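Source file: coords.pdb (PDB, C-alpha atoms)
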ATOM      1  CA  MET A 191     -24.642 -10.369  -6.257
ATOM      2  CA  ASP A 192     -22.244 -10.725  -9.169
ATOM      3  CA  ASP A 193     -18.900  -9.666  -7.786
ATOM      4  CA  ARG A 194     -17.086  -9.523 -11.094
ATOM      5  CA  ASP A 195     -17.552  -7.215 -14.017
ATOM      6  CA  PRO A 196     -17.692  -9.453 -17.107
ATOM      7  CA  VAL A 197     -16.476  -6.697 -19.402
ATOM      8  CA  LEU A 198     -13.601  -5.370 -17.328
ATOM      9  CA  GLU A 199     -12.517  -8.597 -15.650
ATOM     10  CA  PRO A 200     -10.352 -10.011 -18.495
ATOM     11  CA  LEU A 201      -8.403  -6.773 -18.685
ATOM     12  CA  ALA A 202      -8.232  -6.538 -14.906
ATOM     13  CA  ARG A 203      -6.748 -10.015 -14.696
ATOM     14  CA  ARG A 204      -4.026  -9.107 -17.178
ATOM     15  CA  LEU A 205      -3.370  -5.854 -15.368
ATOM     16  CA  ARG A 206      -2.950  -7.681 -12.067
ATOM     17  CA  ASP A 207      -0.732 -10.384 -13.490
ATOM     18  CA  GLU A 208       1.511  -8.201 -15.623
ATOM     19  CA  GLY A 209       2.170  -5.527 -13.025
ATOM     20  CA  VAL A 210       4.197  -2.384 -13.550
ATOM     21  CA  PRO A 211       7.974  -2.681 -13.216
ATOM     22  CA  PRO A 212       9.540   0.075 -11.121
ATOM     23  CA  GLU A 213      11.413   2.655 -13.174
ATOM     24  CA  ARG A 214      14.506   2.193 -11.054
ATOM     25  CA  ASP A 215      15.975  -0.807  -9.315
ATOM     26  CA  LEU A 216      14.700  -0.759  -5.738
ATOM     27  CA  TRP A 217      16.683  -3.781  -4.612
ATOM     28  CA  PRO A 218      19.821  -1.922  -3.413
ATOM     29  CA  ALA A 219      17.701   0.195  -1.066
ATOM     30  CA  ILE A 220      15.796  -2.870   0.157
ATOM     31  CA  ASP A 221      19.004  -4.799   0.693
ATOM     32  CA  ALA A 222      20.545  -1.907   2.608
ATOM     33  CA  ALA A 223      17.435  -1.451   4.766
ATOM     34  CA  ILE A 224      17.408  -5.137   5.667
ATOM     35  CA  SER A 225      21.086  -5.070   6.580
ATOM     36  CA  ARG A 226      20.640  -1.949   8.655
ATOM     37  CA  ARG A 227      17.690  -3.358  10.570
ATOM     38  CA  GLU A 228      19.315  -6.712  11.079
ATOM     39  CA  GLY A 229      22.370  -4.948  12.439
ATOM     40  CA  LEU A 230      20.240  -2.890  14.773
ATOM     41  CA  GLY A 231      18.335  -5.940  15.931
ATOM     42  CA  ARG A 232      21.476  -7.913  16.710
ATOM     43  CA  ARG A 233      23.799  -5.340  18.123
ATOM     44  CA  ARG A 234      21.815  -2.493  19.522
ATOM     45  CA  PRO A 235      18.353  -3.551  20.640
ATOM     46  CA  LEU A 236      18.388  -1.354  23.724
ATOM     47  CA  ARG A 237      19.549   1.633  21.773
ATOM     48  CA  THR A 238      16.701   1.096  19.303
ATOM     49  CA  TRP A 239      14.211   0.924  22.116
ATOM     50  CA  TRP A 240      15.583   3.978  23.786
ATOM     51  CA  SER A 241      15.710   5.957  20.554
ATOM     52  CA  ALA A 242      12.049   5.150  19.977
ATOM     53  CA  ALA A 243      11.139   6.094  23.516
ATOM     54  CA  ALA A 244      13.110   9.329  23.157
ATOM     55  CA  ALA A 245      11.383  10.014  19.839
ATOM     56  CA  ALA A 246       7.989   9.447  21.442
ATOM     57  CA  ALA A 247       8.908  11.788  24.271
ATOM     58  CA  LEU A 248      10.029  14.362  21.734
ATOM     59  CA  LEU A 249       6.693  14.050  19.960
ATOM     60  CA  VAL A 250       4.756  14.514  23.168
ATOM     61  CA  GLY A 251       6.886  17.576  23.881
ATOM     62  CA  LEU A 252       6.137  18.952  20.434
ATOM     63  CA  LEU A 253       2.435  18.375  20.914
ATOM     64  CA  VAL A 254       2.509  20.239  24.210
ATOM     65  CA  THR A 255       4.720  23.122  23.211
ATOM     66  CA  LEU A 256       3.952  23.892  19.591
ATOM     67  CA  PRO A 257       1.028  26.242  18.934
ATOM     68  CA  ARG A 258      -1.771  25.160  16.644
ATOM     69  CA  PRO A 259      -1.218  26.345  13.082
ATOM     70  CA  GLU A 260      -4.582  28.074  12.895
ATOM     71  CA  GLY A 261      -5.901  31.136  14.712
ATOM     72  CA  PRO A 262      -5.097  34.836  14.450
ATOM     73  CA  ALA A 263      -2.049  34.793  16.724
ATOM     74  CA  ALA A 264      -0.593  31.545  15.422
ATOM     75  CA  PRO A 265       2.643  31.537  13.437
ATOM     76  CA  GLU A 266       2.746  30.507   9.790
ATOM     77  CA  PRO A 267       1.879  26.791   9.394
ATOM     78  CA  GLY A 268       5.029  26.305   7.388
ATOM     79  CA  LEU A 269       7.113  27.551  10.301
ATOM     80  CA  VAL A 270       5.418  25.156  12.674
ATOM     81  CA  ALA A 271       5.851  22.345  10.178
ATOM     82  CA  SER A 272       9.544  23.013   9.712
ATOM     83  CA  ALA A 273      10.011  23.170  13.479
ATOM     84  CA  ALA A 274       8.406  19.765  13.934
ATOM     85  CA  ARG A 275       9.904  18.081  10.819
ATOM     86  CA  PRO A 276      13.153  16.909  12.462
ATOM     87  CA  GLY A 277      11.126  15.302  15.242
ATOM     88  CA  LEU A 278       8.962  13.467  12.734
ATOM     89  CA  ASP A 279      11.976  12.259  10.797
ATOM     90  CA  THR A 280      13.443  10.878  13.999
ATOM     91  CA  VAL A 281      10.192   9.194  14.907
ATOM     92  CA  ASP A 282       9.775   7.706  11.425
ATOM     93  CA  GLN A 283      13.261   6.273  11.605
ATOM     94  CA  ALA A 284      12.696   4.863  15.084
ATOM     95  CA  LEU A 285       9.308   3.529  14.050
ATOM     96  CA  GLY A 286      10.871   1.612  11.192
ATOM     97  CA  ASP A 287      13.457   0.121  13.533
ATOM     98  CA  LEU A 288      10.806  -0.744  16.092
ATOM     99  CA  GLU A 289       8.603  -2.455  13.529
ATOM    100  CA  ALA A 290      11.542  -4.484  12.336
ATOM    101  CA  ALA A 291      12.328  -5.460  15.922
ATOM    102  CA  LEU A 292       8.697  -6.401  16.458
ATOM    103  CA  ALA A 293       8.700  -8.487  13.312
ATOM    104  CA  ALA A 294      11.658 -10.382  14.708
ATOM    105  CA  ASP A 295      10.049 -10.707  18.129
ATOM    106  CA  PRO A 296       6.271 -10.628  17.541
ATOM    107  CA  ASP A 297       5.376 -11.881  21.040
ATOM    108  CA  ASN A 298       7.072  -8.981  22.768
ATOM    109  CA  LEU A 299       4.103  -7.123  24.251
ATOM    110  CA  SER A 300       6.157  -4.242  25.591
ATOM    111  CA  LEU A 301       7.577  -3.648  22.167
ATOM    112  CA  ALA A 302       4.123  -3.886  20.605
ATOM    113  CA  ARG A 303       2.772  -1.324  23.068
ATOM    114  CA  LEU A 304       5.676   0.976  22.300
ATOM    115  CA  VAL A 305       5.015   0.711  18.552
ATOM    116  CA  LEU A 306       1.343   1.455  19.138
ATOM    117  CA  MET A 307       2.155   4.451  21.340
ATOM    118  CA  VAL A 308       4.551   5.916  18.781
ATOM    119  CA  HIS A 309       2.009   5.356  15.984
ATOM    120  CA  ARG A 310      -0.731   7.074  17.951
ATOM    121  CA  THR A 311       1.428   9.981  18.964
ATOM    122  CA  ARG A 312       2.665  10.415  15.418
ATOM    123  CA  GLY A 313      -0.908  10.298  14.145
ATOM    124  CA  ALA A 314      -1.976  12.924  16.658
ATOM    125  CA  LEU A 315       0.859  15.184  15.568
ATOM    126  CA  LEU A 316      -0.010  14.720  11.906
ATOM    127  CA  GLN A 317      -3.629  15.459  12.612
ATOM    128  CA  ARG A 318      -2.618  18.627  14.370
ATOM    129  CA  PHE A 319      -0.110  19.684  11.734
ATOM    130  CA  PRO A 320      -1.431  18.093   8.555
ATOM    131  CA  THR A 321       1.073  19.922   6.364
ATOM    132  CA  HIS A 322       3.721  17.399   7.392
ATOM    133  CA  GLU A 323       2.283  14.484   5.511
ATOM    134  CA  PRO A 324       1.961  14.250   1.750
ATOM    135  CA  GLY A 325      -1.574  13.642   0.528
ATOM    136  CA  ILE A 326      -2.831  10.148  -0.053
ATOM    137  CA  GLY A 327      -2.929   9.439  -3.714
TER     138      GLY A 327
ATOM    139  CA  MET B 200       6.767 -25.125   2.910
ATOM    140  CA  ASP B 201       8.659 -28.003   1.387
ATOM    141  CA  ALA B 202       9.252 -27.334  -2.277
ATOM    142  CA  ARG B 203      10.056 -30.969  -2.919
ATOM    143  CA  GLN B 204       6.446 -31.907  -2.197
ATOM    144  CA  HIS B 205       5.230 -29.741  -5.055
ATOM    145  CA  ARG B 206       5.603 -31.304  -8.456
ATOM    146  CA  PRO B 207       4.740 -28.716 -11.098
ATOM    147  CA  ALA B 208       2.037 -29.907 -13.484
ATOM    148  CA  ASP B 209       1.563 -26.573 -15.244
ATOM    149  CA  PRO B 210       3.375 -23.224 -15.524
ATOM    150  CA  ALA B 211       1.547 -21.721 -12.552
ATOM    151  CA  ALA B 212       2.418 -24.704 -10.397
ATOM    152  CA  ALA B 213       6.022 -24.481 -11.551
ATOM    153  CA  GLU B 214       6.120 -20.809 -10.607
ATOM    154  CA  HIS B 215       4.686 -21.614  -7.201
ATOM    155  CA  ALA B 216       7.168 -24.407  -6.652
ATOM    156  CA  GLU B 217      10.059 -22.121  -7.534
ATOM    157  CA  ASP B 218       8.700 -19.471  -5.164
ATOM    158  CA  LEU B 219       8.554 -22.029  -2.380
ATOM    159  CA  ALA B 220      12.094 -23.148  -3.044
ATOM    160  CA  LEU B 221      13.330 -19.559  -2.998
ATOM    161  CA  CYS B 222      11.395 -18.917   0.211
ATOM    162  CA  GLU B 223      13.035 -21.855   1.910
ATOM    163  CA  ARG B 224      16.455 -20.530   1.018
ATOM    164  CA  ALA B 225      15.560 -16.965   1.993
ATOM    165  CA  VAL B 226      14.165 -18.052   5.359
ATOM    166  CA  ALA B 227      17.492 -19.750   5.960
ATOM    167  CA  GLY B 228      19.167 -16.387   5.416
ATOM    168  CA  ASP B 229      20.009 -16.537   1.717
ATOM    169  CA  ARG B 230      19.749 -12.914   0.635
ATOM    170  CA  LEU B 231      20.379 -13.788  -3.011
ATOM    171  CA  ALA B 232      17.325 -16.017  -2.996
ATOM    172  CA  PHE B 233      15.315 -13.163  -1.575
ATOM    173  CA  GLU B 234      16.621 -10.891  -4.297
ATOM    174  CA  ARG B 235      15.321 -13.439  -6.797
ATOM    175  CA  ILE B 236      11.945 -13.224  -5.100
ATOM    176  CA  TYR B 237      12.080  -9.461  -5.419
ATOM    177  CA  ARG B 238      12.982  -9.665  -9.125
ATOM    178  CA  ARG B 239      10.141 -12.090  -9.772
ATOM    179  CA  HIS B 240       7.435 -10.101  -8.030
ATOM    180  CA  ALA B 241       8.528  -6.450  -7.921
ATOM    181  CA  ALA B 242       6.373  -5.526 -10.925
ATOM    182  CA  ARG B 243       3.278  -7.098  -9.386
ATOM    183  CA  ILE B 244       3.739  -5.273  -6.085
ATOM    184  CA  HIS B 245       4.801  -2.027  -7.706
ATOM    185  CA  GLY B 246       1.724  -2.061  -9.936
ATOM    186  CA  LEU B 247      -0.476  -2.510  -6.897
ATOM    187  CA  ALA B 248       1.388   0.180  -4.970
ATOM    188  CA  LEU B 249       1.136   2.606  -7.835
ATOM    189  CA  ARG B 250      -2.588   2.068  -8.133
ATOM    190  CA  LEU B 251      -3.138   2.461  -4.411
ATOM    191  CA  CYS B 252      -0.867   5.453  -3.888
ATOM    192  CA  GLY B 253      -1.322   7.212  -7.205
ATOM    193  CA  ASP B 254       2.170   8.619  -6.741
ATOM    194  CA  ARG B 255       5.384   7.103  -8.036
ATOM    195  CA  GLY B 256       7.549   8.113  -5.089
ATOM    196  CA  GLU B 257       5.069   6.845  -2.529
ATOM    197  CA  ALA B 258       4.624   3.659  -4.509
ATOM    198  CA  GLU B 259       8.346   2.963  -4.552
ATOM    199  CA  GLY B 260       8.481   3.528  -0.806
ATOM    200  CA  LEU B 261       5.638   1.092  -0.328
ATOM    201  CA  VAL B 262       7.389  -1.536  -2.451
ATOM    202  CA  GLN B 263      10.583  -1.144  -0.450
ATOM    203  CA  ASP B 264       8.788  -1.378   2.875
ATOM    204  CA  THR B 265       6.830  -4.399   1.690
ATOM    205  CA  PHE B 266       9.923  -6.377   0.742
ATOM    206  CA  VAL B 267      11.795  -5.336   3.868
ATOM    207  CA  ARG B 268       8.898  -6.487   6.020
ATOM    208  CA  ALA B 269       8.569  -9.635   3.932
ATOM    209  CA  TRP B 270      12.185 -10.541   4.651
ATOM    210  CA  PHE B 271      11.547 -10.452   8.378
ATOM    211  CA  ASN B 272       8.249 -12.319   8.120
ATOM    212  CA  LEU B 273       8.969 -14.784   5.376
ATOM    213  CA  ALA B 274       8.871 -17.697   7.791
ATOM    214  CA  GLY B 275       5.195 -16.898   8.269
ATOM    215  CA  PHE B 276       4.457 -17.675   4.632
ATOM    216  CA  GLN B 277       3.332 -21.244   4.843
ATOM    217  CA  GLY B 278       2.922 -21.855   1.143
ATOM    218  CA  ARG B 279      -0.841 -21.620   1.327
ATOM    219  CA  GLY B 280      -1.890 -19.411  -1.541
ATOM    220  CA  SER B 281       0.609 -17.716  -3.792
ATOM    221  CA  LEU B 282       3.686 -15.809  -2.749
ATOM    222  CA  PRO B 283       2.757 -12.744  -4.852
ATOM    223  CA  GLY B 284      -0.672 -12.828  -3.219
ATOM    224  CA  TRP B 285       0.953 -12.939   0.211
ATOM    225  CA  LEU B 286       3.233 -10.040  -0.709
ATOM    226  CA  ALA B 287       0.288  -8.077  -2.076
ATOM    227  CA  ARG B 288      -1.616  -8.543   1.190
ATOM    228  CA  MET B 289       1.407  -7.299   3.051
ATOM    229  CA  ALA B 290       1.630  -4.240   0.806
ATOM    230  CA  VAL B 291      -2.041  -3.495   1.332
ATOM    231  CA  ASN B 292      -1.633  -3.848   5.104
ATOM    232  CA  ILE B 293       1.279  -1.403   5.141
ATOM    233  CA  TRP B 294      -0.662   0.988   2.951
ATOM    234  CA  ARG B 295      -3.685   0.608   5.247
ATOM    235  CA  ASP B 296      -1.608   1.392   8.349
ATOM    236  CA  ARG B 297      -0.430   4.605   6.753
ATOM    237  CA  PHE B 298      -3.917   5.391   5.577
ATOM    238  CA  ARG B 299      -5.241   4.921   9.095
ATOM    239  CA  SER B 300      -2.411   6.713  10.789
ATOM    240  CA  ARG B 301      -3.320   9.759   8.797
ATOM    241  CA  ARG B 302      -6.841   9.347  10.077
ATOM    242  CA  ARG B 303      -8.273  10.569   6.872
ATOM    243  CA  GLY B 304      -9.905   7.462   5.490
ATOM    244  CA  ALA B 305     -13.528   8.145   6.224
ATOM    245  CA  GLN B 306     -13.255  11.858   5.596
ATOM    246  CA  LEU B 307     -11.386  11.244   2.368
ATOM    247  CA  LEU B 308     -13.941   8.852   0.956
ATOM    248  CA  GLU B 309     -16.732  11.112   2.104
ATOM    249  CA  ARG B 310     -15.120  14.030   0.337
ATOM    250  CA  LEU B 311     -14.383  12.000  -2.759
ATOM    251  CA  GLY B 312     -17.958  10.822  -2.859
ATOM    252  CA  ALA B 313     -18.939  14.375  -3.668
ATOM    253  CA  GLU B 314     -16.438  14.761  -6.491
ATOM    254  CA  ASP B 315     -17.696  15.719  -9.886
ATOM    255  CA  GLU B 316     -17.590  13.010 -12.457
ATOM    256  CA  PRO B 317     -15.610  13.709 -15.576
ATOM    257  CA  GLY B 318     -17.724  14.970 -18.421
ATOM    258  CA  GLY B 319     -20.785  15.125 -16.218
ATOM    259  CA  THR B 320     -22.045  11.869 -17.693
ATOM    260  CA  THR B 321     -24.480  10.096 -15.435
ATOM    261  CA  GLY B 322     -26.030   7.531 -17.727
ATOM    262  CA  PRO B 323     -24.894   3.940 -17.958
ATOM    263  CA  ALA B 324     -21.854   3.140 -20.017
ATOM    264  CA  PRO B 325     -22.284   1.123 -23.170
ATOM    265  CA  GLY B 326     -22.405  -2.539 -22.359
ATOM    266  CA  GLY B 327     -21.020  -5.480 -24.229
ATOM    267  CA  VAL B 328     -17.449  -6.314 -25.078
ATOM    268  CA  ILE B 329     -14.813  -3.609 -25.208
ATOM    269  CA  PRO B 330     -12.795  -4.756 -28.192
ATOM    270  CA  LEU B 331      -9.081  -4.581 -28.809
ATOM    271  CA  LEU B 332      -8.233  -2.942 -25.551
ATOM    272  CA  LEU B 333      -4.966  -3.557 -23.831
ATOM    273  CA  ALA B 334      -4.321  -3.840 -20.159
ATOM    274  CA  VAL B 335      -2.423  -0.573 -20.404
ATOM    275  CA  ASP B 336      -5.663   1.153 -21.422
ATOM    276  CA  LEU B 337      -7.281  -0.048 -18.240
ATOM    277  CA  GLU B 338      -4.185   0.949 -16.258
ATOM    278  CA  ARG B 339      -4.443   4.469 -17.599
ATOM    279  CA  ALA B 340      -8.163   4.607 -16.940
ATOM    280  CA  VAL B 341      -7.748   3.333 -13.384
ATOM    281  CA  ALA B 342      -5.131   6.002 -12.711
ATOM    282  CA  GLN B 343      -7.646   8.657 -13.747
ATOM    283  CA  LEU B 344     -10.366   7.481 -11.384
ATOM    284  CA  PRO B 345     -11.247   9.564  -8.344
ATOM    285  CA  GLN B 346      -9.271   8.264  -5.397
ATOM    286  CA  GLY B 347     -12.110   6.607  -3.498
ATOM    287  CA  ALA B 348     -13.358   4.773  -6.559
ATOM    288  CA  ARG B 349      -9.821   3.836  -7.576
ATOM    289  CA  THR B 350      -8.946   2.453  -4.163
ATOM    290  CA  VAL B 351     -12.051   0.318  -3.949
ATOM    291  CA  TYR B 352     -11.712  -0.902  -7.537
ATOM    292  CA  VAL B 353      -8.065  -1.881  -7.033
ATOM    293  CA  LEU B 354      -8.756  -3.701  -3.791
ATOM    294  CA  HIS B 355     -11.876  -5.482  -5.035
ATOM    295  CA  ASP B 356     -11.463  -6.198  -8.710
ATOM    296  CA  LEU B 357      -7.694  -6.465  -8.897
ATOM    297  CA  GLU B 358      -6.726  -7.785  -5.475
ATOM    298  CA  GLY B 359      -9.780  -9.837  -4.636
ATOM    299  CA  TYR B 360     -10.770  -8.247  -1.344
ATOM    300  CA  THR B 361     -14.425  -8.592  -0.364
ATOM    301  CA  HIS B 362     -16.744  -5.680   0.299
ATOM    302  CA  PRO B 363     -16.633  -6.160   4.104
ATOM    303  CA  GLU B 364     -12.841  -6.481   4.049
ATOM    304  CA  ILE B 365     -12.505  -3.224   2.154
ATOM    305  CA  ALA B 366     -15.003  -1.538   4.437
ATOM    306  CA  ASP B 367     -12.913  -2.645   7.390
ATOM    307  CA  LEU B 368      -9.679  -1.531   5.745
ATOM    308  CA  LEU B 369     -10.965   1.923   4.953
ATOM    309  CA  GLY B 370     -13.234   2.397   7.953
ATOM    310  CA  VAL B 371     -16.352   3.009   5.894
ATOM    311  CA  ALA B 372     -19.709   1.265   5.470
ATOM    312  CA  VAL B 373     -20.098  -1.686   3.123
ATOM    313  CA  GLY B 374     -22.685   0.316   1.207
ATOM    314  CA  THR B 375     -20.105   3.026   0.582
ATOM    315  CA  VAL B 376     -17.696   0.457  -0.781
ATOM    316  CA  LYS B 377     -20.340  -0.931  -3.128
ATOM    317  CA  ALA B 378     -21.231   2.548  -4.300
ATOM    318  CA  HIS B 379     -17.587   3.354  -5.039
ATOM    319  CA  LEU B 380     -17.127   0.076  -6.880
ATOM    320  CA  HIS B 381     -20.213   0.625  -8.973
ATOM    321  CA  ARG B 382     -19.055   4.129  -9.775
ATOM    322  CA  ALA B 383     -15.539   2.979 -10.597
ATOM    323  CA  ARG B 384     -16.735   0.343 -13.038
ATOM    324  CA  ARG B 385     -19.120   2.748 -14.695
ATOM    325  CA  LEU B 386     -16.407   5.374 -15.086
ATOM    326  CA  LEU B 387     -13.964   2.794 -16.399
ATOM    327  CA  ARG B 388     -16.391   1.646 -19.042
ATOM    328  CA  LEU B 389     -16.960   5.219 -20.022
ATOM    329  CA  LYS B 390     -13.252   5.961 -20.211
ATOM    330  CA  LEU B 391     -12.543   2.823 -22.189
ATOM    331  CA  THR B 392     -15.285   3.387 -24.736
ATOM    332  CA  GLU B 393     -15.140   7.169 -25.013
ATOM    333  CA  PRO B 394     -12.333   7.517 -27.574
ATOM    334  CA  ARG B 395     -13.900   4.969 -29.894
ATOM    335  CA  GLU B 396     -17.245   6.686 -29.867
ATOM    336  CA  ARG B 397     -15.560  10.002 -30.510
ATOM    337  CA  ALA B 398     -13.681   8.456 -33.376
ATOM    338  CA  HIS B 399     -16.909   7.102 -34.813
ATOM    339  CA  HIS B 400     -18.753  10.392 -34.531
ATOM    340  CA  GLY B 401     -15.810  12.700 -35.124
TER     341      GLY B 401
END
What would you get if you wrote out this structure as structure tokens?
Amino acid sequence: MDDRDPVLEPLARRLRDEGVPPERDLWPAIDAAISRREGLGRRRPLRTWWSAAAAAALLVGLLVTLPRPEGPAAPEPGLVASAARPGLDTVDQALGDLEAALAADPDNLSLARLVLMVHRTRGALLQRFPTHEPGIG
Amino acid sequence: MDARQHRPADPAAAEHAEDLALCERAVAGDRLAFERIYRRHAARIHGLALRLCGDRGEAEGLVQDTFVRAWFNLAGFQGRGSLPGWLARMAVNIWRDRFRSRRRGAQLLERLGAEDEPGGTTGPAPGGVIPLLLAVDLERAVAQLPQGARTVYVLHDLEGYTHPEIADLLGVAVGTVKAHLHRARRLLRLKLTEPRERAHHG
């Protein structure tokens, strides 16, 4: 099977090579994020771990306690979403820190399991309250 | 990853050699060298992110996360293949993780498969060469594709992923990937030729 479109391919190659410059300079944010994560990794590894574990526990608590956003007696989905939003923000932050720690220590199985657990729990929460996550594309 | 072993014989080789040299410095902790890497390849990764996400804010977030992750994993880049290719794979992997974590992949593509096609045109697009088109025309046309078709087209035709790799990434059947790719190309040809035909007949 021909895997390339002979008509579109020349344009596609140029598109891929030329790229699209970001409208704003993203480097300062990248630089700051690297510094922050490096600082966390060096100085406060335990705190990072514990914050992630606490975030995961918070998520589990939210899953158990928050009502489903559908059904006749359920509160407005927006109310449920706003109640859970701070928890998600905390988890997202901790998840970023955890992933950075895992990148620095990829053989750490405990850390890998913790990342997986937080990902799964976050996914379950998002599935239950889909209004939290912006649409893909 | 020894840049001294690479003697540039052409512009591409020179680019690669410079990337390797910058990588060596960045791995050693030189943040300025890594900034140079960012400046050299931000457009490539941002273009990919924009096409995958379809949203400027999300795309910028993906670019940031890609370069942050790259900093911590740069030692893993062994110089096999190109640095922008390595960064692009990383961006796709991050995008895929988010895609999966939302657990919408299969449902999304299934839903998108039922989308109406613009203009209701079902016949084949005109073949042959599309003259005098710029890459920006294709960029615009890609952005207008339905999401499933766009995703598969970007991954396959722009990033070089195979059908099975894309199927694995998105959690769909290979046949679905092929169908989306076929549809994407057909729609792109239509979009790229439409204005000219209108101009001829209008």
Subject >> Explicit residues for the PyMOL selection byres ((chain A and resi 201) around 12) (as a ChimeraX atom specification) >> reply: /A:194-200,202-208 /B:328-341,356-357,387-388,391
Contacts of A:Gly209 at 7 Å (all atoms listed in the file; same-chain gap of 5+ positions) as a PDB file with C-alpha atoms, in the coordinates of the input:
ATOM      1  CA  ALA B 242       6.373  -5.526 -10.925  1.00  0.00           C
ATOM      2  CA  ARG B 243       3.278  -7.098  -9.386  1.00  0.00           C
ATOM      3  CA  HIS B 245       4.801  -2.027  -7.706  1.00  0.00           C
ATOM      4  CA  GLY B 246       1.724  -2.061  -9.936  1.00  0.00           C
TER       5      GLY B 246
END
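For the atom pair formed by atom CA of B:Val262 and atom CA of B:Pro345, the distance is 22.5 Å, given to one decimal.
In this structure, atom CA of A:Leu316 sits 17.5 Å away from atom CA of B:Ile293.
The interatomic distance for the pair atom CA of B:Asp264 and atom CA of B:His215 works out to 23.0 Å.
For the choices B:Leu221, B:Ala348, B:Ala366, B:Leu286, the atom-to-atom distance to B:Arg268 is smallest for B:Leu286 when using all atoms listed in the file.
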Subject >> Option closest in space to B:Arg238, from B:Gly275, B:Trp294, B:Glu257, B:Asp218 [counting all atoms listed in the file] >> reply: B:Asp218
**OP:** Report the residues retrieved by the PyMOL selection byres ((chain B and resi 276) around 12) from the displayed file, expressed as a VMD selection string.
**Re:** chain B and resid 200 to 201 218 to 219 221 to 223 225 to 226 269 to 275 277 to 286 288 to 289
**OP:** Have a look at B:Asp209, B:Glu217, B:Ala258, B:Ala378 and name the one nearest to chain A; count only C-alpha atoms.
**Re:** B:Ala258
